[in-house]
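Text of the file data-v3.txt, holding compact mmCIF, C-alpha atoms:
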# COMPACT_ATOMS: atom_id res chain seq x y z
CA MET A 1 92.54 32.37 22.49
CA LYS A 2 90.96 29.37 20.77
CA ARG A 3 92.65 27.08 23.29
CA ASN A 4 91.14 28.96 26.24
CA PHE A 5 87.70 28.71 24.68
CA LEU A 6 88.09 24.98 24.18
CA ARG A 7 89.12 24.57 27.82
CA LEU A 8 86.00 26.40 28.96
CA LEU A 9 83.63 24.52 26.66
CA PRO A 10 83.31 21.33 28.79
CA GLY A 11 82.55 23.45 31.86
CA ALA A 12 79.89 25.42 30.00
CA VAL A 13 78.28 22.21 28.74
CA LEU A 14 78.31 20.81 32.27
CA LEU A 15 76.72 24.00 33.64
CA LEU A 16 73.92 23.82 31.07
CA ALA A 17 73.35 20.15 31.88
CA VAL A 18 73.13 20.90 35.61
CA MET A 19 70.71 23.77 34.98
CA ALA A 20 68.50 21.57 32.83
CA ALA A 21 68.55 18.73 35.38
CA SER A 22 67.76 21.05 38.29
CA GLY A 23 64.80 22.64 36.57
CA CYS A 24 66.41 26.08 36.30
CA PRO A 25 64.84 28.00 33.45
CA MET A 26 67.15 28.14 30.47
CA ALA A 27 64.86 29.92 28.06
CA ARG A 28 61.87 32.19 28.23
CA PRO A 29 58.56 30.36 28.68
CA ALA A 30 56.33 30.03 25.67
CA PRO A 31 53.91 32.92 25.27
CA PHE A 32 50.40 32.36 26.53
CA VAL A 33 47.94 31.30 23.85
CA ASN A 34 44.45 32.58 24.50
CA PRO A 35 41.92 29.78 24.99
CA VAL A 36 39.49 29.18 22.15
CA GLU A 37 36.56 28.28 24.41
CA SER A 38 34.70 30.18 27.14
CA ARG A 39 34.01 29.00 30.68
CA LEU A 40 32.21 30.56 33.63
CA ILE A 41 32.02 29.33 37.22
CA LEU A 42 28.40 29.66 38.27
CA GLN A 43 27.20 30.71 41.71
CA VAL A 44 30.30 32.68 42.76
CA PRO A 45 28.85 35.43 44.94
CA PHE A 46 29.56 39.04 44.06
CA TYR A 47 30.12 41.65 46.76
CA SER A 48 30.62 45.28 45.86
CA ASP A 49 33.05 47.44 47.79
CA GLU A 50 32.35 51.15 47.78
CA ALA A 51 35.75 51.83 49.41
CA GLY A 52 37.33 50.56 46.19
CA LEU A 53 40.00 48.37 47.79
CA CYS A 54 38.43 45.10 46.67
CA GLY A 55 40.38 42.82 49.02
CA PRO A 56 37.57 42.19 51.52
CA SER A 57 34.95 41.71 48.80
CA ALA A 58 37.19 39.31 46.86
CA LEU A 59 37.97 37.38 50.03
CA ALA A 60 34.30 37.18 51.05
CA SER A 61 33.38 35.94 47.59
CA VAL A 62 35.79 33.01 47.47
CA MET A 63 35.28 32.13 51.16
CA THR A 64 31.52 31.98 50.67
CA TYR A 65 31.93 29.92 47.51
CA GLY A 66 34.32 27.65 49.46
CA GLY A 67 31.68 26.90 52.10
CA ARG A 68 32.31 29.58 54.74
CA PRO A 69 29.58 32.23 54.25
CA THR A 70 31.19 35.63 54.77
CA THR A 71 30.26 39.21 53.97
CA ALA A 72 32.62 41.87 52.65
CA GLU A 73 31.99 43.87 55.83
CA GLU A 74 32.91 40.89 58.03
CA ALA A 75 36.11 40.36 56.03
CA ALA A 76 37.00 44.06 56.24
CA MET A 77 36.50 44.09 60.01
CA ALA A 78 38.53 40.88 60.47
CA LEU A 79 41.39 42.14 58.30
CA ASN A 80 41.31 45.54 60.04
CA GLN A 81 43.64 47.03 57.42
CA GLU A 82 43.13 49.82 54.95
CA ARG A 83 44.96 47.81 52.28
CA PRO A 84 44.91 44.12 53.18
CA THR A 85 47.85 42.01 52.11
CA ALA A 86 47.63 38.62 50.46
CA GLN A 87 49.20 37.15 53.60
CA SER A 88 46.61 38.68 55.94
CA MET A 89 43.78 37.44 53.73
CA ALA A 90 45.21 33.90 53.60
CA VAL A 91 45.81 33.82 57.36
CA TRP A 92 42.25 34.86 58.12
CA ALA A 93 40.80 32.30 55.67
CA ARG A 94 42.88 29.58 57.38
CA ARG A 95 41.63 30.71 60.79
CA GLU A 96 38.13 30.33 59.44
CA GLY A 97 38.76 26.68 58.53
CA LEU A 98 39.64 26.98 54.85
CA SER A 99 42.76 26.12 52.91
CA ALA A 100 44.59 29.16 51.56
CA GLU A 101 47.61 29.19 49.27
CA ILE A 102 49.48 32.22 47.98
CA PHE A 103 51.41 31.61 44.79
CA SER A 104 52.76 33.18 41.62
CA GLY A 105 50.28 31.92 39.08
CA ALA A 106 50.47 31.37 35.36
CA PRO A 107 47.78 32.07 32.77
CA GLU A 108 47.49 28.33 32.14
CA GLN A 109 46.77 27.80 35.86
CA LEU A 110 44.02 30.38 35.63
CA VAL A 111 42.40 28.43 32.80
CA GLU A 112 42.80 25.09 34.63
CA ALA A 113 41.38 26.51 37.88
CA VAL A 114 38.27 27.78 36.10
CA LYS A 115 37.84 24.41 34.38
CA ALA A 116 37.99 22.81 37.85
CA HIS A 117 35.39 25.31 39.19
CA LYS A 118 37.90 26.97 41.53
CA PRO A 119 37.63 30.75 41.56
CA PHE A 120 40.71 32.49 42.90
CA ILE A 121 41.93 35.94 43.81
CA VAL A 122 44.48 37.87 41.77
CA ARG A 123 46.03 41.26 42.31
CA LEU A 124 46.79 43.70 39.53
CA ASP A 125 49.60 46.19 40.02
CA ARG A 126 48.90 48.08 36.83
CA ASP A 127 45.62 49.54 35.63
CA ALA A 128 43.47 47.17 33.59
CA PRO A 129 40.37 49.34 33.23
CA PRO A 130 38.02 49.33 35.00
CA ILE A 131 40.27 47.63 37.57
CA LEU A 132 42.82 50.00 39.04
CA ARG A 133 46.41 49.36 40.11
CA GLY A 134 46.64 47.59 43.46
CA GLN A 135 43.13 46.15 43.41
CA TYR A 136 42.17 42.52 43.95
CA ALA A 137 39.82 40.64 41.65
CA VAL A 138 38.23 37.19 41.58
CA VAL A 139 38.72 35.12 38.45
CA VAL A 140 35.34 33.53 37.72
CA GLY A 141 35.79 32.56 34.07
CA TYR A 142 37.55 33.16 30.80
CA THR A 143 36.84 33.71 27.13
CA PRO A 144 39.08 33.97 24.06
CA ASP A 145 38.98 37.75 24.65
CA GLY A 146 40.05 37.73 28.31
CA PRO A 147 39.40 36.49 31.84
CA VAL A 148 36.03 37.12 33.46
CA LEU A 149 36.51 39.00 36.73
CA ASN A 150 34.57 40.25 39.71
CA SER A 151 36.16 43.22 41.46
CA CYS A 152 34.68 45.96 43.62
CA ALA A 153 32.03 47.37 41.32
CA ILE A 154 32.32 45.02 38.33
CA HIS A 155 30.48 41.75 38.08
CA GLN A 156 31.49 39.13 35.50
CA GLN A 157 33.30 41.59 33.28
CA ILE A 158 35.72 40.46 30.58
CA ILE A 159 39.08 42.23 30.79
CA PRO A 160 41.22 41.94 27.62
CA TRP A 161 44.02 39.38 28.06
CA LYS A 162 46.66 41.98 27.17
CA ASP A 163 45.51 44.43 29.87
CA PHE A 164 44.92 41.73 32.48
CA LEU A 165 48.26 40.00 31.95
CA ALA A 166 50.18 43.29 32.03
CA GLY A 167 48.63 44.17 35.40
CA TRP A 168 48.98 40.66 36.79
CA TYR A 169 52.60 40.24 35.64
CA LYS A 170 53.41 43.56 37.32
CA SER A 171 52.33 41.99 40.65
CA THR A 172 54.47 38.91 39.92
CA ASN A 173 51.24 37.05 39.16
CA LEU A 174 50.06 37.27 42.77
CA SER A 175 47.32 34.68 43.27
CA ILE A 176 45.41 33.39 46.28
CA MET A 177 43.55 30.08 46.11
CA ILE A 178 41.07 29.57 48.94
CA GLU A 179 39.17 26.31 49.17
CA SER A 180 37.18 24.21 51.57
CA LEU A 181 39.38 21.64 53.29
CA ALA A 182 36.78 19.03 52.30
CA THR A 183 37.44 19.59 48.57
CA ILE A 184 41.22 19.23 48.72
Do you think you could lay out the structure here as structure tokens?
Amino acid sequence: MKRNFLRLLPGAVLLLAVMAASGCPMARPAPFVNPVESRLILQVPFYSDEAGLCGPSALASVMTYGGRPTTAEEAAMALNQERPTAQSMAVWARREGLSAEIFSGAPEQLVEAVKAHKPFIVRLDRDAPPILRGQYAVVVGYTPDGPVLNSCAIHQQIIPWKDFLAGWYKSTNLSIMIESLATI
């Protein structure tokens, strides 16, 4: 038995070396440490959405901030969907002359984006009151207590990190960054 183990040991070491060299995760990432400072991106427009779906209002907010003035109603009509997808929102933003990237974000990216004055859209697939499961929100800042979000009927509200991250992780950290092509 010990002989078989010793024969397998070089292969196991080689596998670990290949995983490390290829960038494959070998251990869980370090837990997110809440920032100690607070930041807020000024002049991000807020659009309410009485329908409660939040996608069109979030999209209109970041598109307007990115240099393409848009209303929530215009976004809703263009998307022509009851529940817009991240893909449909990104496609429409690109058609309107903006850069749009869909990615699985990390809390550290959220902090860095706010520091760079780049609001972005996130989707929460678990309730983070007052934001409900399946709603989109715009990250406009952060504090040690939580990110500052705009979503449907809330304007610059702090959502506790624990609640926000649970909802965001449930959506595989769905994030949409929309920017003016001139700022890239």
Neighbouring residues of region 128-138 of chain A were defined as those with any atom within 6 Å, considering all atoms listed in the file; residues of the same chain fewer than 6 positions away were excluded. Please report them as a PDB file with C-alpha atoms, in the coordinates of the input.
ATOM      1  CA  LEU A  53      40.000  48.370  47.790  1.00  0.00           C
ATOM      2  CA  CYS A  54      38.430  45.100  46.670  1.00  0.00           C
ATOM      3  CA  GLY A  55      40.380  42.820  49.020  1.00  0.00           C
ATOM      4  CA  ALA A  58      37.190  39.310  46.860  1.00  0.00           C
ATOM      5  CA  PHE A 120      40.710  32.490  42.900  1.00  0.00           C
ATOM      6  CA  ILE A 121      41.930  35.940  43.810  1.00  0.00           C
ATOM      7  CA  VAL A 122      44.480  37.870  41.770  1.00  0.00           C
ATOM      8  CA  LEU A 149      36.510  39.000  36.730  1.00  0.00           C
ATOM      9  CA  ASN A 150      34.570  40.250  39.710  1.00  0.00           C
ATOM     10  CA  SER A 151      36.160  43.220  41.460  1.00  0.00           C
ATOM     11  CA  ASP A 163      45.510  44.430  29.870  1.00  0.00           C
ATOM     12  CA  PHE A 164      44.920  41.730  32.480  1.00  0.00           C
TER      13      PHE A 164
END
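Counting all atoms listed in the file, region 94-105 of chain A has the following residues at most 6 Å away, ignoring those fewer than 6 positions along the same chain: A:Asn173, A:Leu174, A:Ser175, A:Ile176, A:Met177, A:Ile178, A:Glu179, A:Ser180, A:Leu181.
Here CA of Val140 (chain A) and CA of Pro69 (chain A) stand 17.6 Å from one another.
Taking CA of Leu42 (chain A) and CA of Ala166 (chain A) as endpoints, the distance between them is 26.4 Å.
Of the listed residues A:Ala116, A:Val36, A:Ile41, A:Ala72, the one whose atoms come nearest to Cys152 (chain A) is A:Ala72, with distances taken using only C-alpha atoms.
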- Nearest residue to Ala78 (chain A) from the set A:Val62, A:Val148, A:Ile159, A:Ala93 (distances using only C-alpha atoms): A:Ala93
- Task: Please identify all polymer residues within 9 Å of Val111 (chain A), counting all atoms listed in the file, omitting same-chain residues fewer than 3 positions from it, and present them as a PyMOL selection string.
- Result: chain A and resi 35+39+106-108+114-116+141-142+147
Please save C-alpha atoms of the selected residues as a tab-separated table (two decimals), in the coordinates of the input.
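Here's the written file selection_10.tsv:
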chain	number	residue	atom	x	y	z
A	35	PRO	CA	41.92	29.78	24.99
A	39	ARG	CA	34.01	29.00	30.68
A	106	ALA	CA	50.47	31.37	35.36
A	107	PRO	CA	47.78	32.07	32.77
A	108	GLU	CA	47.49	28.33	32.14
A	114	VAL	CA	38.27	27.78	36.10
A	115	LYS	CA	37.84	24.41	34.38
A	116	ALA	CA	37.99	22.81	37.85
A	141	GLY	CA	35.79	32.56	34.07
A	142	TYR	CA	37.55	33.16	30.80
A	147	PRO	CA	39.40	36.49	31.84
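The closest residue to Gln87 (chain A), picked from A:Glu112, A:Val44, A:Gly167, A:Leu59 and counting all atoms listed in the file, is A:Leu59.
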- Item | For CA of Asp145 (chain A) and CA of Trp161 (chain A), the interatomic separation in Å (one decimal) | 6.3 Å
- Which residue out of A:Val33, A:Ala76, A:Ala60, A:Leu165 has the minimum interatomic distance to Asp125 (chain A) when all atoms listed in the file are used? A:Leu165
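Around the point (28.6, 50.2, 42.9), within 8 Å and counting only C-alpha atoms, we find these residues: A:Ser48, A:Asp49, A:Glu50, A:Cys152, A:Ala153, A:Ile154.
Distance check against His155 (chain A) using only C-alpha atoms: of A:Ala86, A:Leu110, A:Val139, A:Met77, the minimum falls on A:Val139.
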Around all the atoms of region 126-141 of chain A listed in the file, draw an axis-aligned box and extend it by 8 Å on each of the six sides; I want its centre and edge lengths in Å to one decimal, as AutoDock Vina command-line options.
--center_x 42.1 --center_y 41.3 --center_z 38.6 --size_x 29.6 --size_y 33.4 --size_z 26.7
